[in-house]
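protein_22.pdb (PDB, C-alpha atoms and all ligand atoms)
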```
MODEL        1
ATOM      1  CA  THR A   1     -14.828  28.201  33.697  1.00  0.00           C
ATOM      2  CA  PRO A   2     -15.475  28.050  29.939  1.00  0.00           C
ATOM      3  CA  VAL A   3     -11.754  27.702  29.279  1.00  0.00           C
ATOM      4  CA  THR A   4     -11.386  24.596  31.442  1.00  0.00           C
ATOM      5  CA  SER A   5     -14.493  23.207  29.868  1.00  0.00           C
ATOM      6  CA  ILE A   6     -13.171  23.830  26.350  1.00  0.00           C
ATOM      7  CA  GLN A   7      -9.866  22.162  27.222  1.00  0.00           C
ATOM      8  CA  LEU A   8     -11.595  19.073  28.595  1.00  0.00           C
ATOM      9  CA  ASN A   9     -13.910  18.838  25.624  1.00  0.00           C
ATOM     10  CA  VAL A  10     -11.031  19.204  23.168  1.00  0.00           C
ATOM     11  CA  GLU A  11      -9.347  16.218  24.840  1.00  0.00           C
ATOM     12  CA  ALA A  12     -12.592  14.269  24.590  1.00  0.00           C
ATOM     13  CA  LEU A  13     -12.926  15.304  20.970  1.00  0.00           C
ATOM     14  CA  LYS A  14      -9.437  14.020  20.170  1.00  0.00           C
ATOM     15  CA  ASN A  15     -10.316  10.753  21.828  1.00  0.00           C
ATOM     16  CA  SER A  16     -13.526  10.402  19.850  1.00  0.00           C
ATOM     17  CA  ILE A  17     -11.507  10.771  16.622  1.00  0.00           C
ATOM     18  CA  LYS A  18      -9.052   8.142  17.819  1.00  0.00           C
ATOM     19  CA  ILE A  19     -11.795   5.606  18.452  1.00  0.00           C
ATOM     20  CA  ASP A  20     -13.728   6.835  15.420  1.00  0.00           C
ATOM     21  CA  ASN A  21     -16.939   7.648  17.288  1.00  0.00           C
ATOM     22  CA  LYS A  22     -18.903  10.079  15.153  1.00  0.00           C
ATOM     23  CA  GLN A  23     -21.650  10.616  17.700  1.00  0.00           C
ATOM     24  CA  ASP A  24     -19.224  11.599  20.462  1.00  0.00           C
ATOM     25  CA  PHE A  25     -17.351  13.779  18.019  1.00  0.00           C
ATOM     26  CA  ASP A  26     -20.495  15.778  17.186  1.00  0.00           C
ATOM     27  CA  TYR A  27     -21.439  15.976  20.835  1.00  0.00           C
ATOM     28  CA  PHE A  28     -18.104  17.367  22.008  1.00  0.00           C
ATOM     29  CA  LEU A  29     -17.830  19.684  19.035  1.00  0.00           C
ATOM     30  CA  GLU A  30     -21.178  21.173  19.958  1.00  0.00           C
ATOM     31  CA  LYS A  31     -20.081  21.673  23.553  1.00  0.00           C
ATOM     32  CA  ILE A  32     -16.912  23.424  22.418  1.00  0.00           C
ATOM     33  CA  THR A  33     -18.946  25.684  20.132  1.00  0.00           C
ATOM     34  CA  PHE A  34     -21.309  26.549  22.984  1.00  0.00           C
ATOM     35  CA  ASP A  35     -18.456  27.338  25.361  1.00  0.00           C
ATOM     36  CA  SER A  36     -16.605  29.483  22.876  1.00  0.00           C
ATOM     37  CA  GLU A  37     -19.749  31.514  22.214  1.00  0.00           C
ATOM     38  CA  ARG A  38     -20.138  31.938  25.932  1.00  0.00           C
ATOM     39  CA  LEU A  39     -16.532  33.041  26.254  1.00  0.00           C
ATOM     40  CA  GLN A  40     -16.997  35.440  23.349  1.00  0.00           C
ATOM     41  CA  LYS A  41     -20.036  37.018  25.040  1.00  0.00           C
ATOM     42  CA  ILE A  42     -18.264  37.329  28.378  1.00  0.00           C
ATOM     43  CA  SER A  43     -15.173  38.945  26.891  1.00  0.00           C
ATOM     44  CA  SER A  44     -17.206  41.396  24.851  1.00  0.00           C
ATOM     45  CA  ASP A  45     -19.152  42.303  28.024  1.00  0.00           C
ATOM     46  CA  ILE A  46     -15.894  42.818  29.907  1.00  0.00           C
ATOM     47  CA  GLU A  47     -14.584  44.972  27.072  1.00  0.00           C
ATOM     48  CA  ASN A  48     -17.744  47.058  27.260  1.00  0.00           C
ATOM     49  CA  VAL A  49     -17.498  47.498  31.009  1.00  0.00           C
ATOM     50  CA  HIS A  50     -13.870  48.490  30.697  1.00  0.00           C
ATOM     51  CA  ALA A  51     -14.592  50.973  27.934  1.00  0.00           C
ATOM     52  CA  LEU A  52     -17.432  52.521  29.922  1.00  0.00           C
ATOM     53  CA  GLU A  53     -15.517  52.689  33.190  1.00  0.00           C
ATOM     54  CA  SER A  54     -12.317  54.082  31.784  1.00  0.00           C
ATOM     55  CA  GLY A  55     -14.113  56.797  29.866  1.00  0.00           C
ATOM     56  CA  ILE A  56     -13.015  55.495  26.461  1.00  0.00           C
ATOM     57  CA  ILE A  57     -16.627  55.649  25.372  1.00  0.00           C
ATOM     58  CA  ASN A  58     -17.888  59.130  24.768  1.00  0.00           C
ATOM     59  CA  LEU A  59     -21.517  59.951  24.686  1.00  0.00           C
ATOM     60  CA  PHE A  60     -22.738  60.889  21.234  1.00  0.00           C
ATOM     61  CA  LEU A  61     -26.048  62.644  21.805  1.00  0.00           C
ATOM     62  CA  GLU A  62     -28.351  63.063  18.855  1.00  0.00           C
ATOM     63  CA  GLU A  63     -31.828  64.417  18.506  1.00  0.00           C
ATOM     64  CA  PHE A  64     -34.127  62.275  16.435  1.00  0.00           C
ATOM     65  CA  SER A  65     -37.660  61.056  16.025  1.00  0.00           C
ATOM     66  CA  ILE A  66     -39.069  58.759  18.680  1.00  0.00           C
ATOM     67  CA  ASP A  67     -41.118  56.997  16.009  1.00  0.00           C
ATOM     68  CA  ASP A  68     -37.998  56.166  14.004  1.00  0.00           C
ATOM     69  CA  PHE A  69     -36.348  54.971  17.152  1.00  0.00           C
ATOM     70  CA  ILE A  70     -39.279  52.656  17.911  1.00  0.00           C
ATOM     71  CA  ILE A  71     -39.208  51.188  14.416  1.00  0.00           C
ATOM     72  CA  GLU A  72     -35.467  50.636  14.619  1.00  0.00           C
ATOM     73  CA  SER A  73     -35.544  49.011  18.047  1.00  0.00           C
ATOM     74  CA  LYS A  74     -38.469  46.774  17.020  1.00  0.00           C
ATOM     75  CA  LYS A  75     -36.329  45.456  14.184  1.00  0.00           C
ATOM     76  CA  ILE A  76     -33.465  44.626  16.504  1.00  0.00           C
ATOM     77  CA  ILE A  77     -35.670  43.106  19.192  1.00  0.00           C
ATOM     78  CA  ASP A  78     -37.718  41.012  16.756  1.00  0.00           C
ATOM     79  CA  THR A  79     -34.663  39.003  15.808  1.00  0.00           C
ATOM     80  CA  LEU A  80     -34.166  38.216  19.498  1.00  0.00           C
ATOM     81  CA  LEU A  81     -37.822  37.331  20.091  1.00  0.00           C
ATOM     82  CA  ASP A  82     -38.309  34.788  17.316  1.00  0.00           C
ATOM     83  CA  ALA A  83     -36.997  31.725  19.081  1.00  0.00           C
ATOM     84  CA  LYS A  84     -39.367  31.959  22.031  1.00  0.00           C
ATOM     85  CA  GLN A  85     -42.475  33.390  20.381  1.00  0.00           C
ATOM     86  CA  ILE A  86     -42.590  36.281  22.769  1.00  0.00           C
ATOM     87  CA  LYS A  87     -44.902  39.163  22.005  1.00  0.00           C
ATOM     88  CA  LEU A  88     -43.552  42.677  22.138  1.00  0.00           C
ATOM     89  CA  GLU A  89     -45.545  45.836  22.616  1.00  0.00           C
ATOM     90  CA  ILE A  90     -43.947  49.246  22.397  1.00  0.00           C
ATOM     91  CA  ASN A  91     -46.252  52.054  23.504  1.00  0.00           C
ATOM     92  CA  LYS A  92     -45.799  55.768  23.317  1.00  0.00           C
ATOM     93  CA  LYS A  93     -47.715  56.968  26.366  1.00  0.00           C
ATOM     94  CA  ASN A  94     -48.070  60.623  25.485  1.00  0.00           C
ATOM     95  CA  LYS A  95     -47.520  62.879  22.503  1.00  0.00           C
ATOM     96  CA  PHE A  96     -43.941  63.791  21.726  1.00  0.00           C
ATOM     97  CA  ASN A  97     -41.656  63.673  18.728  1.00  0.00           C
ATOM     98  CA  LYS A  98     -38.031  64.222  19.507  1.00  0.00           C
ATOM     99  CA  ILE A  99     -35.722  62.478  21.912  1.00  0.00           C
ATOM    100  CA  ILE A 100     -32.074  63.095  22.678  1.00  0.00           C
ATOM    101  CA  ILE A 101     -29.998  60.018  23.388  1.00  0.00           C
ATOM    102  CA  ASP A 102     -26.947  58.149  22.174  1.00  0.00           C
ATOM    103  CA  ARG A 103     -28.597  55.847  19.705  1.00  0.00           C
ATOM    104  CA  ASN A 104     -25.982  53.075  19.678  1.00  0.00           C
ATOM    105  CA  LEU A 105     -25.630  52.953  23.432  1.00  0.00           C
ATOM    106  CA  PHE A 106     -29.402  52.847  23.735  1.00  0.00           C
ATOM    107  CA  MET A 107     -29.561  49.870  21.439  1.00  0.00           C
ATOM    108  CA  THR A 108     -27.142  48.138  23.821  1.00  0.00           C
ATOM    109  CA  ILE A 109     -29.527  48.945  26.675  1.00  0.00           C
ATOM    110  CA  PHE A 110     -32.462  47.481  24.777  1.00  0.00           C
ATOM    111  CA  GLU A 111     -30.549  44.353  23.785  1.00  0.00           C
ATOM    112  CA  ASN A 112     -29.391  43.645  27.324  1.00  0.00           C
ATOM    113  CA  ILE A 113     -32.740  44.218  29.010  1.00  0.00           C
ATOM    114  CA  ILE A 114     -34.785  42.391  26.397  1.00  0.00           C
ATOM    115  CA  SER A 115     -32.443  39.413  26.235  1.00  0.00           C
ATOM    116  CA  ASN A 116     -32.845  39.061  30.004  1.00  0.00           C
ATOM    117  CA  SER A 117     -36.622  39.223  29.705  1.00  0.00           C
ATOM    118  CA  ILE A 118     -36.620  36.603  26.993  1.00  0.00           C
ATOM    119  CA  ARG A 119     -34.468  34.397  29.124  1.00  0.00           C
ATOM    120  CA  TYR A 120     -36.611  34.586  32.255  1.00  0.00           C
ATOM    121  CA  CYS A 121     -39.976  34.390  30.502  1.00  0.00           C
ATOM    122  CA  GLU A 122     -42.004  31.404  29.430  1.00  0.00           C
ATOM    123  CA  LYS A 123     -42.562  30.715  25.764  1.00  0.00           C
ATOM    124  CA  GLY A 124     -45.441  32.796  24.417  1.00  0.00           C
ATOM    125  CA  SER A 125     -45.249  35.402  27.174  1.00  0.00           C
ATOM    126  CA  SER A 126     -45.102  39.143  26.507  1.00  0.00           C
ATOM    127  CA  ILE A 127     -42.842  42.129  27.007  1.00  0.00           C
ATOM    128  CA  GLU A 128     -43.963  45.753  27.135  1.00  0.00           C
ATOM    129  CA  ILE A 129     -41.965  48.903  26.617  1.00  0.00           C
ATOM    130  CA  ASP A 130     -43.634  52.168  27.591  1.00  0.00           C
ATOM    131  CA  LEU A 131     -42.164  55.468  26.486  1.00  0.00           C
ATOM    132  CA  SER A 132     -43.197  58.847  27.777  1.00  0.00           C
ATOM    133  CA  LYS A 133     -41.779  62.326  27.943  1.00  0.00           C
ATOM    134  CA  ARG A 134     -42.572  64.795  30.686  1.00  0.00           C
ATOM    135  CA  LYS A 135     -40.880  67.935  31.950  1.00  0.00           C
ATOM    136  CA  ASN A 136     -37.567  67.514  30.156  1.00  0.00           C
ATOM    137  CA  GLU A 137     -37.390  63.865  31.036  1.00  0.00           C
ATOM    138  CA  LEU A 138     -37.731  60.778  28.916  1.00  0.00           C
ATOM    139  CA  GLU A 139     -39.047  57.761  30.790  1.00  0.00           C
ATOM    140  CA  ILE A 140     -38.764  54.216  29.508  1.00  0.00           C
ATOM    141  CA  ILE A 141     -40.332  51.289  31.325  1.00  0.00           C
ATOM    142  CA  PHE A 142     -39.470  47.727  30.361  1.00  0.00           C
ATOM    143  CA  LYS A 143     -41.923  45.219  31.753  1.00  0.00           C
ATOM    144  CA  ASP A 144     -41.965  41.456  31.562  1.00  0.00           C
ATOM    145  CA  TYR A 145     -44.094  38.740  33.125  1.00  0.00           C
ATOM    146  CA  GLY A 146     -41.387  36.196  33.744  1.00  0.00           C
ATOM    147  CA  ALA A 147     -39.680  34.706  36.777  1.00  0.00           C
ATOM    148  CA  GLY A 148     -39.092  38.016  38.500  1.00  0.00           C
ATOM    149  CA  VAL A 149     -36.421  38.695  41.121  1.00  0.00           C
ATOM    150  CA  SER A 150     -36.641  38.079  44.855  1.00  0.00           C
ATOM    151  CA  GLU A 151     -36.593  40.896  47.379  1.00  0.00           C
ATOM    152  CA  LYS A 152     -33.147  39.729  48.435  1.00  0.00           C
ATOM    153  CA  ASP A 153     -31.700  39.831  44.903  1.00  0.00           C
ATOM    154  CA  LEU A 154     -33.443  42.954  43.638  1.00  0.00           C
ATOM    155  CA  PRO A 155     -31.082  45.543  45.192  1.00  0.00           C
ATOM    156  CA  HIS A 156     -28.102  43.831  43.543  1.00  0.00           C
ATOM    157  CA  ILE A 157     -29.121  43.127  39.972  1.00  0.00           C
ATOM    158  CA  PHE A 158     -27.259  46.156  38.597  1.00  0.00           C
ATOM    159  CA  GLU A 159     -24.002  45.139  40.247  1.00  0.00           C
ATOM    160  CA  ARG A 160     -21.160  43.691  38.246  1.00  0.00           C
ATOM    161  CA  PHE A 161     -21.143  39.891  38.051  1.00  0.00           C
ATOM    162  CA  TYR A 162     -24.227  39.641  40.255  1.00  0.00           C
ATOM    163  CA  ARG A 163     -26.562  36.822  39.354  1.00  0.00           C
ATOM    164  CA  ALA A 164     -29.424  35.343  41.301  1.00  0.00           C
ATOM    165  CA  ASP A 165     -28.698  31.903  42.780  1.00  0.00           C
ATOM    166  CA  GLY A 166     -28.102  28.923  40.591  1.00  0.00           C
ATOM    167  CA  LEU A 167     -27.414  30.709  37.350  1.00  0.00           C
ATOM    168  CA  ARG A 168     -23.743  30.122  36.754  1.00  0.00           C
ATOM    169  CA  ASP A 169     -23.563  27.632  33.951  1.00  0.00           C
ATOM    170  CA  ASP A 170     -24.563  29.355  30.765  1.00  0.00           C
ATOM    171  CA  LYS A 171     -23.636  32.105  28.340  1.00  0.00           C
ATOM    172  CA  HIS A 172     -24.350  34.988  30.649  1.00  0.00           C
ATOM    173  CA  SER A 173     -21.709  36.893  32.504  1.00  0.00           C
ATOM    174  CA  GLY A 174     -23.750  38.827  35.038  1.00  0.00           C
ATOM    175  CA  LEU A 175     -22.524  42.044  33.407  1.00  0.00           C
ATOM    176  CA  GLY A 176     -25.502  42.956  31.257  1.00  0.00           C
ATOM    177  CA  LEU A 177     -27.373  45.140  33.713  1.00  0.00           C
ATOM    178  CA  SER A 178     -24.235  46.791  35.047  1.00  0.00           C
ATOM    179  CA  ILE A 179     -23.495  47.851  31.467  1.00  0.00           C
ATOM    180  CA  VAL A 180     -27.042  49.167  31.174  1.00  0.00           C
ATOM    181  CA  LYS A 181     -26.655  51.157  34.385  1.00  0.00           C
ATOM    182  CA  HIS A 182     -23.374  52.644  33.202  1.00  0.00           C
ATOM    183  CA  ILE A 183     -24.928  53.812  29.961  1.00  0.00           C
ATOM    184  CA  VAL A 184     -27.866  55.366  31.797  1.00  0.00           C
ATOM    185  CA  GLU A 185     -25.459  57.199  34.105  1.00  0.00           C
ATOM    186  CA  LEU A 186     -23.425  58.450  31.149  1.00  0.00           C
ATOM    187  CA  HIS A 187     -26.691  60.067  30.042  1.00  0.00           C
ATOM    188  CA  LYS A 188     -27.002  61.519  33.578  1.00  0.00           C
ATOM    189  CA  GLY A 189     -30.122  59.427  33.991  1.00  0.00           C
ATOM    190  CA  LYS A 190     -31.540  57.167  36.663  1.00  0.00           C
ATOM    191  CA  ILE A 191     -32.420  53.500  36.683  1.00  0.00           C
ATOM    192  CA  TYR A 192     -34.232  51.244  39.132  1.00  0.00           C
ATOM    193  CA  ALA A 193     -36.255  48.060  39.127  1.00  0.00           C
ATOM    194  CA  LYS A 194     -39.391  46.681  40.713  1.00  0.00           C
ATOM    195  CA  SER A 195     -40.284  43.045  40.910  1.00  0.00           C
ATOM    196  CA  LEU A 196     -42.269  40.325  42.573  1.00  0.00           C
ATOM    197  CA  LEU A 197     -40.927  36.805  42.448  1.00  0.00           C
ATOM    198  CA  GLY A 198     -42.932  34.833  39.898  1.00  0.00           C
ATOM    199  CA  GLU A 199     -44.661  37.893  38.512  1.00  0.00           C
ATOM    200  CA  GLY A 200     -42.020  39.522  36.378  1.00  0.00           C
ATOM    201  CA  LEU A 201     -39.604  42.401  36.433  1.00  0.00           C
ATOM    202  CA  SER A 202     -40.001  46.063  35.507  1.00  0.00           C
ATOM    203  CA  ILE A 203     -37.043  48.322  34.832  1.00  0.00           C
ATOM    204  CA  TYR A 204     -37.475  52.111  34.922  1.00  0.00           C
ATOM    205  CA  ILE A 205     -35.095  54.425  33.126  1.00  0.00           C
ATOM    206  CA  LYS A 206     -35.252  58.218  33.241  1.00  0.00           C
ATOM    207  CA  ILE A 207     -33.114  60.337  30.968  1.00  0.00           C
ATOM    208  CA  PRO A 208     -32.960  64.133  31.150  1.00  0.00           C
ATOM    209  CA  GLN A 209     -33.861  65.844  27.870  1.00  0.00           C
TER     210      GLN A 209
HETATM  211  N1  LIG A 301     -36.051  40.034  33.300  1.00  0.00           N
HETATM  212  C1  LIG A 301     -35.521  39.416  34.370  1.00  0.00           C
HETATM  213  N2  LIG A 301     -36.274  38.533  35.099  1.00  0.00           N
HETATM  214  C2  LIG A 301     -35.743  37.912  36.171  1.00  0.00           C
HETATM  215  N3  LIG A 301     -34.487  38.099  36.634  1.00  0.00           N
HETATM  216  C3  LIG A 301     -33.701  38.964  35.962  1.00  0.00           C
HETATM  217  C4  LIG A 301     -34.169  39.660  34.811  1.00  0.00           C
HETATM  218  N4  LIG A 301     -33.171  40.452  34.360  1.00  0.00           N
HETATM  219  C5  LIG A 301     -32.133  40.256  35.194  1.00  0.00           C
HETATM  220  N5  LIG A 301     -32.432  39.360  36.158  1.00  0.00           N
HETATM  221  C6  LIG A 301     -31.547  38.945  37.279  1.00  0.00           C
HETATM  222  O1  LIG A 301     -30.489  39.887  37.376  1.00  0.00           O
HETATM  223  C7  LIG A 301     -29.223  39.246  37.208  1.00  0.00           C
HETATM  224  C8  LIG A 301     -28.265  40.172  36.511  1.00  0.00           C
HETATM  225  O2  LIG A 301     -28.636  40.362  35.156  1.00  0.00           O
HETATM  226  P1  LIG A 301     -27.505  40.644  34.081  1.00  0.00           P
HETATM  227  O3  LIG A 301     -26.617  41.708  34.625  1.00  0.00           O
HETATM  228  O4  LIG A 301     -28.125  40.873  32.759  1.00  0.00           O
HETATM  229  O5  LIG A 301     -26.671  39.312  34.097  1.00  0.00           O
HETATM  230  P2  LIG A 301     -26.876  37.938  33.305  1.00  0.00           P
HETATM  231  O6  LIG A 301     -27.967  38.117  32.299  1.00  0.00           O
HETATM  232  O7  LIG A 301     -25.555  37.734  32.700  1.00  0.00           O
HETATM  233  O8  LIG A 301     -27.196  36.914  34.351  1.00  0.00           O
HETATM  234  C9  LIG A 301     -29.549  37.961  36.453  1.00  0.00           C
HETATM  235  O9  LIG A 301     -28.602  36.967  36.673  1.00  0.00           O
HETATM  236  C10 LIG A 301     -30.901  37.597  37.023  1.00  0.00           C
HETATM  237  O10 LIG A 301     -30.727  36.972  38.281  1.00  0.00           O
HETATM  238 MG    MG A 302     -28.157  39.627  30.957  1.00  0.00          MG
ENDMDL
END
```

Can the structure from this file be put into structure tokens for me?
Ligand SMILES: Nc1ncnc2c1ncn2[C@@H]1O[C@H](COP(=O)(O)OP(=O)(O)O)[C@@H](O)[C@H]1O
Ligand SMILES: [Mg+2]
Amino acid sequence: TPVTSIQLNVEALKNSIKIDNKQDFDYFLEKITFDSERLQKISSDIENVHALESGIINLFLEEFSIDDFIIESKKIIDTLLDAKQIKLEINKKNKFNKIIIDRNLFMTIFENIISNSIRYCEKGSSIEIDLSKRKNELEIIFKDYGAGVSEKDLPHIFERFYRADGLRDDKHSGLGLSIVKHIVELHKGKIYAKSLLGEGLSIYIKIPQ
């Protein structure tokens, strides 16, 4: 766990001071920083899950312009995209102006889905977000061209703590998509995913309007 890892690295750090090894000191300090960020992310995810599950979070529905929403989410996503030079396309698929959603909770959805895409995509790859509104329903499709999810893993990706094999040793808690699903359900919406291993993942969200 990150805690054990921090404890071990703190011991190593103390030792590196004792023997006056600057290189080791920097190395262990960096590991401790990494682990504490990871712990921070995990506890904030757990807090979110708790708040959503216990009903502490109330939906705050607002009607506002889809175009403003696109501009705002682009701003947030762009800061995430920089490091990996990933291209983002947001497309409005038909003509509509107003949407009704909880803006803050939707930003959390975007952040979680996009940060996954960035993580499982190669440098320089692209992400698409398609928005459309039909018959009192807003549909949002997030599509990436990254690693994708196997048939075996796909039915489980929205479960708490579920992670595809071999992904246990970094900042991610396995809670991101379960938080996303919760938020969609608070909106009385639906969410599902389609994927082919090696060809990317698409997530479909439908929100009644
Ligand atoms: N865009 C994606 N491409 C490939 N696999 C994904 C993608 N998004 C999610 N996954 C898979 O679904 C799992 C659950 O995602 P999530 O709940 O966000 O947890 P985390 O990001 O902490 O691993 C991930 O561990 C990964 O196996
Ligand atoms: Mg995630």

Handout entry: Top pick for closest residue to Glu63 (chain A), considering A:Asp144, A:Asp153, A:Asp102, A:Glu122 and counting all atoms listed in the file
Key =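 For Glu63 (chain A), the nearest of the given residues is A:Asp102.
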
Exercise for the section: List the residues selected by the PyMOL selection byres (((chain A and resi 33-36) around 8) and not hetatm) in the file shown, writing them as a list in words. Expected result: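 On this input, the PyMOL selection byres (((chain A and resi 33-36) around 8) and not hetatm) captures Pro2, Val3, Ser5, Ile6, Leu29, Glu30, Lys31, Ile32, Glu37, Arg38, Leu39, Gln40 and Lys171 of chain A.
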
Using only C-alpha atoms and all ligand atoms, which residues of chain A come within 7 Å of ligand LIG 301 (chain A), and what is the closest atom pair for each, with the distance in Å to one decimal? Give it as a tab-separated table, sorted by chain and residue number.
```
residue	atom	partner	partner_atom	distance
A:Asn112	CA	A:LIG301	O4	6.2
A:Ile113	CA	A:LIG301	N4	6.6
A:Asn116	CA	A:LIG301	N4	4.6
A:Ser117	CA	A:LIG301	N1	3.7
A:Tyr120	CA	A:LIG301	N2	4.9
A:Asp144	CA	A:LIG301	N1	6.3
A:Gly146	CA	A:LIG301	N2	5.8
A:Ala147	CA	A:LIG301	C2	5.1
A:Gly148	CA	A:LIG301	C2	4.1
A:Val149	CA	A:LIG301	N3	4.9
A:Ile157	CA	A:LIG301	O1	4.4
A:Phe158	CA	A:LIG301	O3	6.0
A:Arg160	CA	A:LIG301	O3	6.8
A:Phe161	CA	A:LIG301	O3	6.7
A:Tyr162	CA	A:LIG301	C8	5.5
A:Arg163	CA	A:LIG301	O9	3.4
A:Ala164	CA	A:LIG301	O10	3.7
A:Leu167	CA	A:LIG301	O9	6.4
A:His172	CA	A:LIG301	O7	3.6
A:Ser173	CA	A:LIG301	O7	3.9
A:Gly174	CA	A:LIG301	O5	3.1
A:Leu175	CA	A:LIG301	O3	4.3
A:Gly176	CA	A:LIG301	O4	3.7
A:Leu177	CA	A:LIG301	O3	3.6
A:Ser178	CA	A:LIG301	O3	5.6
A:Gly200	CA	A:LIG301	N2	6.0
A:Leu201	CA	A:LIG301	N2	5.3
```

Exercise for the section: Write out as a list in words the residues lying within 7 Å of Phe64 (chain A), counting only C-alpha atoms and excluding same-chain residues fewer than 5 positions away. Expected result: Lys98, Ile99 and Ile100 of chain A

Practice task
Name the residues in contact with Lys206 (chain A) at a cut-off of 10 Å, using only C-alpha atoms, excluding same-chain residues fewer than 2 positions from it; report them as a list of chain:residue names.
Solution key: A:Ser132, A:Lys133, A:Glu137, A:Leu138, A:Glu139, A:Ile140, A:Ile141, A:Val184, A:Glu185, A:His187, A:Lys188, A:Gly189, A:Lys190, A:Ile191, A:Tyr192, A:Tyr204, A:Pro208, A:Gln209

Print the selection's residues with C-alpha atoms to a file, as a PDB file, in the coordinates of the input.
```pdb
ATOM      1  CA  SER A 132     -43.197  58.847  27.777  1.00  0.00           C
ATOM      2  CA  LYS A 133     -41.779  62.326  27.943  1.00  0.00           C
ATOM      3  CA  GLU A 137     -37.390  63.865  31.036  1.00  0.00           C
ATOM      4  CA  LEU A 138     -37.731  60.778  28.916  1.00  0.00           C
ATOM      5  CA  GLU A 139     -39.047  57.761  30.790  1.00  0.00           C
ATOM      6  CA  ILE A 140     -38.764  54.216  29.508  1.00  0.00           C
ATOM      7  CA  ILE A 141     -40.332  51.289  31.325  1.00  0.00           C
ATOM      8  CA  VAL A 184     -27.866  55.366  31.797  1.00  0.00           C
ATOM      9  CA  GLU A 185     -25.459  57.199  34.105  1.00  0.00           C
ATOM     10  CA  HIS A 187     -26.691  60.067  30.042  1.00  0.00           C
ATOM     11  CA  LYS A 188     -27.002  61.519  33.578  1.00  0.00           C
ATOM     12  CA  GLY A 189     -30.122  59.427  33.991  1.00  0.00           C
ATOM     13  CA  LYS A 190     -31.540  57.167  36.663  1.00  0.00           C
ATOM     14  CA  ILE A 191     -32.420  53.500  36.683  1.00  0.00           C
ATOM     15  CA  TYR A 192     -34.232  51.244  39.132  1.00  0.00           C
ATOM     16  CA  TYR A 204     -37.475  52.111  34.922  1.00  0.00           C
ATOM     17  CA  PRO A 208     -32.960  64.133  31.150  1.00  0.00           C
ATOM     18  CA  GLN A 209     -33.861  65.844  27.870  1.00  0.00           C
TER      19      GLN A 209
END
```

Practice task
Give me, please, the distance in Å between CA of Glu62 (chain A) and CA of Leu80 (chain A), quoted to one decimal.
Solution key: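 Interatomic distance here is 25.5 Å.
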
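Using only C-alpha atoms for every distance, the candidate list A:Lys87, A:Phe60, A:Ile129, A:Glu159 yields A:Phe60 as the residue closest to Ile101 (chain A).
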
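This file, queried with the PyMOL selection byres (((chain A and resi 12) around 12) and not hetatm), gives the residues A:Ser5, A:Ile6, A:Gln7, A:Leu8, A:Asn9, A:Val10, A:Glu11, A:Leu13, A:Lys14, A:Asn15, A:Ser16, A:Ile17, A:Lys18, A:Ile19, A:Asp20, A:Asn21, A:Gln23, A:Asp24, A:Phe25, A:Asp26, A:Tyr27, A:Phe28, A:Leu29, A:Glu30, A:Lys31, A:Ile32.
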
Problem - Residue with smallest distance to His182 (chain A) - pool A:Lys123, A:Lys22, A:His50, A:Lys93, counting all atoms listed in the file - result: A:His50

Practice task
May I ask which of the residues A:Arg119, A:Leu105, A:Lys75, A:Ile114 is the closest one to Leu52 (chain A), counting all atoms listed in the file?
Solution key: A:Leu105

Handout entry: Nearest residue to ligand MG 302 (chain A) from the set A:Ser73, A:Ser54, A:Asp130, A:Asp45 (distances using all atoms listed in the file)
Key = A:Asp45

Problem - Computed interatomic separation between CA of Asp68 (chain A) and CA of Glu128 (chain A) (Å) - result: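 The value is 17.8 Å.
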
Handout entry: Pick from A:Phe106, A:Gly124, A:Lys74, A:Lys84 nearest to Leu61 (chain A), counting all atoms listed in the file
Key =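 That would be A:Phe106, the residue with the smallest distance to Leu61 (chain A).
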
If I wrap all listed atoms of region 5-15 of chain A in a box with edges along x, y and z and add 4 Å on each side, what are its centre and edge lengths in Å to one decimal, as JSON?
```
{"center_x": -11.9, "center_y": 17.3, "center_z": 25.0, "size_x": 13.1, "size_y": 21.1, "size_z": 17.7}
```

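As for CA of Pro155 (chain A) and CA of Ile77 (chain A), they are spaced 26.5 Å apart.
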
Practice task
Carefully work through the PyMOL selection byres (((chain A and resi 126) around 6) and not hetatm) for this structure and note down the residues it includes, as a PyMOL selection string.
Solution key: chain A and resi 86-88+125+127

Handout entry: Selection: 8 Å around Ser202 (chain A), all atoms listed in the file, excl. self and same-chain fewer than 3 positions, as a ChimeraX atom specification
Key = /A:141-144,193-195

Exercise for the section: Would you kindly identify which residues have an atom no farther than 10 Å from (-40.0, 53.9, 18.6), using all atoms listed in the file and the file's own coordinates, and write them out as a PyMOL selection string? Expected result: chain A and resi 65-74+90-92+97+129-131

Output of the above residues as a PDB file, in the frame of the given file, restricted to C-alpha atoms:
```pdb
ATOM      1  CA  SER A  65     -37.660  61.056  16.025  1.00  0.00           C
ATOM      2  CA  ILE A  66     -39.069  58.759  18.680  1.00  0.00           C
ATOM      3  CA  ASP A  67     -41.118  56.997  16.009  1.00  0.00           C
ATOM      4  CA  ASP A  68     -37.998  56.166  14.004  1.00  0.00           C
ATOM      5  CA  PHE A  69     -36.348  54.971  17.152  1.00  0.00           C
ATOM      6  CA  ILE A  70     -39.279  52.656  17.911  1.00  0.00           C
ATOM      7  CA  ILE A  71     -39.208  51.188  14.416  1.00  0.00           C
ATOM      8  CA  GLU A  72     -35.467  50.636  14.619  1.00  0.00           C
ATOM      9  CA  SER A  73     -35.544  49.011  18.047  1.00  0.00           C
ATOM     10  CA  LYS A  74     -38.469  46.774  17.020  1.00  0.00           C
ATOM     11  CA  ILE A  90     -43.947  49.246  22.397  1.00  0.00           C
ATOM     12  CA  ASN A  91     -46.252  52.054  23.504  1.00  0.00           C
ATOM     13  CA  LYS A  92     -45.799  55.768  23.317  1.00  0.00           C
ATOM     14  CA  ASN A  97     -41.656  63.673  18.728  1.00  0.00           C
ATOM     15  CA  ILE A 129     -41.965  48.903  26.617  1.00  0.00           C
ATOM     16  CA  ASP A 130     -43.634  52.168  27.591  1.00  0.00           C
ATOM     17  CA  LEU A 131     -42.164  55.468  26.486  1.00  0.00           C
TER      18      LEU A 131
END
```
